[in-house]
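Asker: Below: one structure in structure tokens.
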Amino acid sequence: MQAAGAGIRVPLKLFALLPRLLPASRNFANAATVSTEEPETATPPPSPPSATCSMKMRGWQLHSYGGIDELQLSNKLKWPQIRSSDECLVRVRTTAVNPIDIAMLGGYGSTLLNQLRCQANDDIEFPLTLGREFCGELVQKGMGVCDKQLPLGTRVWGVVPIPNPNGAHAEYVVVPSSCLAPAPKELDDGEATSVLYAGLTAWSGLYLTGGLGGPCGATTSEGGGAHKRVLVLGGSGSVGSLAIQILKSQRAQVLATCSEDAVEMVRCLADYVVDYTKPDANEQLCTYAPYDIVLDCAGQGGQHASDLPYDFRQYITFNSPLLANIDKSGLCLGSLQNFSDLVQTNVRAVTQRGGLVKWGYFFPAAHGIEFLQRLVERRKLIPLIDSSFDFNDMPKAFERLKCGHMRGKIVVKV
Ligand SMILES: NC(=O)c1ccc[n+]([C@@H]2O[C@H](COP(=O)([O-])OP(=O)(O)OC[C@H]3O[C@@H](n4cnc5c(N)ncnc54)[C@H](OP(=O)(O)O)[C@@H]3O)[C@@H](O)[C@H]2O)c1
């Protein structure tokens with residue numbers, strides 16, 4: 001195991017040499033799509049190794065919300081079951097820990113998410129397995145999953161939709177086939193695990209919420225946004241570092257903020273970097289305003305937008321109060337509170353900074369995965385890994401994330 005905080009696995013110098021500068025080599029050809037055709041014959045699934053004797057698997061579970069000590073490792077979990085024809089069972093080789101896992105551990109979003117989970121799975125609230133992304137091997141699939149595009153045994157990368165109670169912090173996970181695709185051979189398992197959750201968050205914020213590429217950018221894997229000026233707050237974290245690389249690949253002009261020790265790293269990615277801890281940080285950022293988009297990947301929230309001393313057309317934050325308001329006040333009152341929060345922050349932002357405030361979210365779109373896959377294949381997107389842990393040390397991985405100052409992703413080898 002690499003010790004927590006042992007450093008970024010992609011050497012900083014590599015950044016200076018690699019990224020966006022390498023020529024595009026080939027086109028994406030392996031998008032995950034859900035076939036409407038049934039395969040001619042149903043292939044019998046290979047038996048997952050640890051399951052042949054016991055039909056049980058290892059996994060981390062929660063039986064109640066709380067702190068990291070609520071995480072319990074069990075080797076007697078039932079495999080998750082394929083329940084519809086478009087689902088796939090994956091043997092997980094690597095997974096990751098994200099801020100949403102820490103938040104869900106503490107009960108964040110439980111009111112709404114639990115309702116969705118119960119509707120989808122006839123399930124009770126607990127036990128819950130966290131983990132939103134994985135790289136692994138396709139071991140079983142529903143009859144509606146096209147054999148040509150996703151043959152059994154394929155090395156896949158994928159994400160787990162938030163309402164799914166069986167996450168990827170286990171030996172096996174079931175997801176809809178639209179949430180996975182053949183893993184890019186350019187990345188090893190750990191690297192492949194570190195792209196999709198944060199990458200789809202950044203992609204969705206820019207293209208679905210921000211409309212950076214117009215209708216085509218939102219509905220296809222085309223991207224877009226050339227010559228737009230975007231400020232990424234929190235350029236050193238998982239979402240921020242991928243957002244910068246996505247934007248640079250589309251020839252946008254990218255400014256980013258981070259703290260002092262990450263400046264060298266972020267400078268290899270963005271056009272201009274500002275250390276947000278310096279007293280003149282805002283002054284520097286004012287020089288380049290107005291921004292087409294300010295993308296908040298630093299947990300600042302929408303309230304922060306009207307306090308900024310520079311103008312923008314859109315301020316997109318990934319820290320919306322949506323789920324927290326519903327947790328606090330219930331579905332009806334919480335939704336009203338959300339509407340009121342959004343209107344208030346927008347009135348302030350429009351009058352003071354001339355732009356709109358929007359809430360961005362992770363969204364598991366197949367064309368978003370296709371977009372990211374294409375960037376990896378063209379070597380325009382290099383994953384950053386903060387640290388790696390063994391499966392048995394999952395609580396240590398959570399501790400590392402809780403300490404903050406992330407420089408990329410936390411990966412866990414299953
Ligand atoms: N809504 C959604 O669906 C969704 C999905 C994914 C993530 N998120 C949210 O998006 C945020 C980013 O996620 P992540 O996975 O990238 O987290 P992360 O890896 O922990 O990155 C956060 C980064 O922000 C930096 N930072 C903290 N305060 C800052 C400030 N004032 N100005 C600039 N940078 C600052 C941190 O570095 P230093 O502390 O060293 O400066 C760190 O590198 C989190 O708040 C997460 O909860 C939301």
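Chain lettering (A, B, ...) mirrors the order of the structure tokens, residue numbering begins at 1 for each chain separately, and ligand numbering begins at 1 in order of display.
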Could you give me the residues within stretch 180-397 of chain A that DSSP places in alpha helix (DSSP H), as an MDAnalysis selection string?

Answerer: chainID A and resid 189:193 196:203 214:219 238:249 263:267 281:288 322:353 366:377 394:397

Asker: As a VMD selection string, please: every protein or nucleic acid residue near ligand 1 (cut-off 7 Å, counting only C-alpha atoms and all ligand atoms).

Answerer: chain A and resid 98 to 100 197 to 198 201 233 to 240 257 to 259 276 297 to 300 318 to 320 360 to 362 401 404 to 409

Asker: Pick out the residues sitting within 10 Å of stretch 334-338 of chain A, and hand them over as a list in words; count only C-alpha atoms, and ignore anything fewer than 2 positions along from it in its own chain.

Answerer: Ser320, Pro321, Leu322, Leu323, Ala324, Asn325, Ile326, Asp327, Lys328, Ser329, Gly330, Leu331, Cys332, Ser340, Asp341, Leu342, Val343 and Gln344 of chain A

Asker: What's the 10 Å shell around stretch 58-60 of chain A, counting only C-alpha atoms, without same-chain residues fewer than 3 positions away, as an MDAnalysis selection string?

Answerer: chainID A and resid 50 70:79 127:131 166:172 391:392 394:395 414

Asker: Only N, CA and C atoms, please: the residues just picked out, written as a tab-separated table (two decimals), in the first residue's frame.

Answerer:
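The result, written out as part_35.tsv:
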chain	number	residue	atom	x	y	z
A	50	SER	N	-14.41	-15.83	-6.41
A	50	SER	CA	-14.63	-16.07	-5.00
A	50	SER	C	-16.03	-16.59	-4.74
A	70	GLU	N	-18.24	3.54	11.24
A	70	GLU	CA	-19.46	2.82	10.83
A	70	GLU	C	-19.19	1.87	9.65
A	71	LEU	N	-18.03	2.04	9.00
A	71	LEU	CA	-17.72	1.17	7.85
A	71	LEU	C	-17.37	-0.22	8.35
A	72	GLN	N	-18.07	-1.22	7.86
A	72	GLN	CA	-17.79	-2.59	8.33
A	72	GLN	C	-17.48	-3.50	7.15
A	73	LEU	N	-16.36	-4.21	7.26
A	73	LEU	CA	-15.98	-5.15	6.20
A	73	LEU	C	-16.61	-6.51	6.50
A	74	SER	N	-17.28	-7.06	5.48
A	74	SER	CA	-17.87	-8.38	5.65
A	74	SER	C	-17.45	-9.27	4.48
A	75	ASN	N	-17.24	-10.55	4.73
A	75	ASN	CA	-16.96	-11.45	3.60
A	75	ASN	C	-18.16	-12.34	3.32
A	76	LYS	N	-19.31	-11.90	3.84
A	76	LYS	CA	-20.51	-12.73	3.66
A	76	LYS	C	-21.63	-11.96	2.98
A	77	LEU	N	-21.25	-11.00	2.14
A	77	LEU	CA	-22.30	-10.24	1.45
A	77	LEU	C	-22.84	-11.04	0.27
A	78	LYS	N	-24.14	-10.88	0.03
A	78	LYS	CA	-24.73	-11.52	-1.15
A	78	LYS	C	-24.28	-10.74	-2.39
A	79	TRP	N	-24.05	-11.43	-3.48
A	79	TRP	CA	-23.76	-10.69	-4.71
A	79	TRP	C	-24.94	-9.81	-5.07
A	127	PRO	N	-28.54	-2.56	4.77
A	127	PRO	CA	-27.19	-2.01	4.68
A	127	PRO	C	-26.95	-1.30	3.34
A	128	LEU	N	-25.96	-0.44	3.38
A	128	LEU	CA	-25.64	0.38	2.22
A	128	LEU	C	-24.16	0.18	1.90
A	129	THR	N	-23.85	-0.01	0.63
A	129	THR	CA	-22.44	-0.08	0.22
A	129	THR	C	-22.10	1.16	-0.59
A	130	LEU	N	-21.09	1.89	-0.17
A	130	LEU	CA	-20.71	3.13	-0.86
A	130	LEU	C	-19.80	2.79	-2.05
A	131	GLY	N	-19.34	3.83	-2.75
A	131	GLY	CA	-18.42	3.63	-3.87
A	131	GLY	C	-19.09	3.93	-5.19
A	166	ASN	N	-26.09	-0.64	-3.78
A	166	ASN	CA	-24.91	-1.50	-3.84
A	166	ASN	C	-23.83	-0.80	-4.64
A	167	GLY	N	-22.94	-0.11	-3.93
A	167	GLY	CA	-21.87	0.64	-4.59
A	167	GLY	C	-20.68	-0.24	-4.91
A	168	ALA	N	-19.59	0.40	-5.29
A	168	ALA	CA	-18.42	-0.32	-5.81
A	168	ALA	C	-17.38	-0.62	-4.74
A	169	HIS	N	-17.68	-0.36	-3.46
A	169	HIS	CA	-16.73	-0.75	-2.41
A	169	HIS	C	-16.99	-2.20	-2.02
A	170	ALA	N	-16.97	-3.06	-3.02
A	170	ALA	CA	-17.25	-4.49	-2.85
A	170	ALA	C	-16.62	-5.24	-4.02
A	171	GLU	N	-16.59	-6.57	-3.92
A	171	GLU	CA	-15.97	-7.36	-4.99
A	171	GLU	C	-16.77	-7.35	-6.28
A	172	TYR	N	-18.10	-7.17	-6.16
A	172	TYR	CA	-18.95	-7.16	-7.35
A	172	TYR	C	-19.93	-6.01	-7.28
A	391	PHE	N	-7.77	-2.80	-0.14
A	391	PHE	CA	-9.20	-2.90	0.19
A	391	PHE	C	-9.43	-2.98	1.70
A	392	ASN	N	-8.56	-3.74	2.38
A	392	ASN	CA	-8.73	-3.88	3.84
A	392	ASN	C	-8.53	-2.56	4.57
A	394	MET	N	-9.72	0.38	3.69
A	394	MET	CA	-10.71	1.37	3.23
A	394	MET	C	-10.89	2.53	4.23
A	395	PRO	N	-11.00	2.26	5.55
A	395	PRO	CA	-11.17	3.39	6.48
A	395	PRO	C	-10.02	4.39	6.40
A	414	VAL	N	-9.05	-3.61	-4.92
A	414	VAL	CA	-9.96	-4.61	-4.31
A	414	VAL	C	-9.31	-5.99	-4.33

Asker: What's around A:Asp307 at 9 Å? Count only C-alpha atoms, leave out sequence neighbours fewer than 2 positions away in its own chain, and write the answer as a PyMOL selection string.

Answerer: chain A and resi 303-305+309-310+349+352-353

Asker: As an exercise, work out the distance from atom CA of A:Phe126 to atom CA of A:His63 in Å and give it to one decimal place.

Answerer: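 These atoms are spaced 5.4 Å apart.
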
Asker: Would you mind reading off the distance between atom CA of A:Ile369 and atom CA of A:Leu113, one decimal, in Å?

Answerer: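 Between these atoms lies a distance of 23.2 Å.
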
Asker: Give the strand (DSSP E) residues of stretch 182-277 of chain A, as assigned by DSSP on the backbone, as a PyMOL selection string.

Answerer: chain A and resi 182+229-233+253-258+272-275

Asker: Please produce an output containing N, CA and C atoms for each residue in the selection, written as a PDB file, in the first residue's frame.

Answerer:
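Ended up saving to part31.pdb:
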ATOM      1  N   PRO A 182     -15.827  -0.200 -22.294  1.00  0.00           N
ATOM      2  CA  PRO A 182     -14.498  -0.813 -22.249  1.00  0.00           C
ATOM      3  C   PRO A 182     -13.479   0.205 -21.714  1.00  0.00           C
ATOM      4  N   ARG A 229     -13.682  31.736 -22.028  1.00  0.00           N
ATOM      5  CA  ARG A 229     -12.767  31.952 -20.898  1.00  0.00           C
ATOM      6  C   ARG A 229     -13.411  31.403 -19.633  1.00  0.00           C
ATOM      7  N   VAL A 230     -12.743  30.426 -19.035  1.00  0.00           N
ATOM      8  CA  VAL A 230     -13.326  29.735 -17.870  1.00  0.00           C
ATOM      9  C   VAL A 230     -12.351  29.807 -16.694  1.00  0.00           C
ATOM     10  N   LEU A 231     -12.902  30.145 -15.534  1.00  0.00           N
ATOM     11  CA  LEU A 231     -12.121  30.135 -14.301  1.00  0.00           C
ATOM     12  C   LEU A 231     -12.526  28.913 -13.481  1.00  0.00           C
ATOM     13  N   VAL A 232     -11.557  28.055 -13.173  1.00  0.00           N
ATOM     14  CA  VAL A 232     -11.835  26.861 -12.378  1.00  0.00           C
ATOM     15  C   VAL A 232     -11.346  27.115 -10.948  1.00  0.00           C
ATOM     16  N   LEU A 233     -12.294  27.181 -10.004  1.00  0.00           N
ATOM     17  CA  LEU A 233     -11.921  27.335  -8.593  1.00  0.00           C
ATOM     18  C   LEU A 233     -11.638  25.943  -8.032  1.00  0.00           C
ATOM     19  N   GLN A 253      -9.861  29.028 -22.954  1.00  0.00           N
ATOM     20  CA  GLN A 253      -8.813  29.701 -22.180  1.00  0.00           C
ATOM     21  C   GLN A 253      -9.126  29.433 -20.696  1.00  0.00           C
ATOM     22  N   VAL A 254      -8.175  28.845 -19.983  1.00  0.00           N
ATOM     23  CA  VAL A 254      -8.481  28.368 -18.626  1.00  0.00           C
ATOM     24  C   VAL A 254      -7.599  29.012 -17.577  1.00  0.00           C
ATOM     25  N   LEU A 255      -8.254  29.620 -16.598  1.00  0.00           N
ATOM     26  CA  LEU A 255      -7.570  30.111 -15.408  1.00  0.00           C
ATOM     27  C   LEU A 255      -7.992  29.216 -14.255  1.00  0.00           C
ATOM     28  N   ALA A 256      -7.105  29.034 -13.282  1.00  0.00           N
ATOM     29  CA  ALA A 256      -7.459  28.150 -12.173  1.00  0.00           C
ATOM     30  C   ALA A 256      -6.877  28.688 -10.877  1.00  0.00           C
ATOM     31  N   THR A 257      -7.571  28.369  -9.773  1.00  0.00           N
ATOM     32  CA  THR A 257      -7.041  28.719  -8.458  1.00  0.00           C
ATOM     33  C   THR A 257      -6.677  27.437  -7.714  1.00  0.00           C
ATOM     34  N   CYS A 258      -5.684  27.549  -6.845  1.00  0.00           N
ATOM     35  CA  CYS A 258      -5.294  26.441  -5.960  1.00  0.00           C
ATOM     36  C   CYS A 258      -4.403  27.031  -4.889  1.00  0.00           C
ATOM     37  N   TYR A 272      -3.312  29.930 -16.797  1.00  0.00           N
ATOM     38  CA  TYR A 272      -2.894  30.900 -15.788  1.00  0.00           C
ATOM     39  C   TYR A 272      -3.371  30.410 -14.426  1.00  0.00           C
ATOM     40  N   VAL A 273      -2.482  30.447 -13.427  1.00  0.00           N
ATOM     41  CA  VAL A 273      -2.818  29.893 -12.114  1.00  0.00           C
ATOM     42  C   VAL A 273      -2.659  30.966 -11.038  1.00  0.00           C
ATOM     43  N   VAL A 274      -3.630  31.009 -10.141  1.00  0.00           N
ATOM     44  CA  VAL A 274      -3.585  31.985  -9.049  1.00  0.00           C
ATOM     45  C   VAL A 274      -3.654  31.232  -7.723  1.00  0.00           C
ATOM     46  N   ASP A 275      -2.719  31.562  -6.833  1.00  0.00           N
ATOM     47  CA  ASP A 275      -2.723  30.988  -5.479  1.00  0.00           C
ATOM     48  C   ASP A 275      -3.783  31.742  -4.672  1.00  0.00           C
TER      49      ASP A 275
END

Asker: When you count only C-alpha atoms, which of these residues is closest to A:Trp157: A:Met265, A:Val173, A:Leu242, A:Ala281?

Answerer: A:Val173
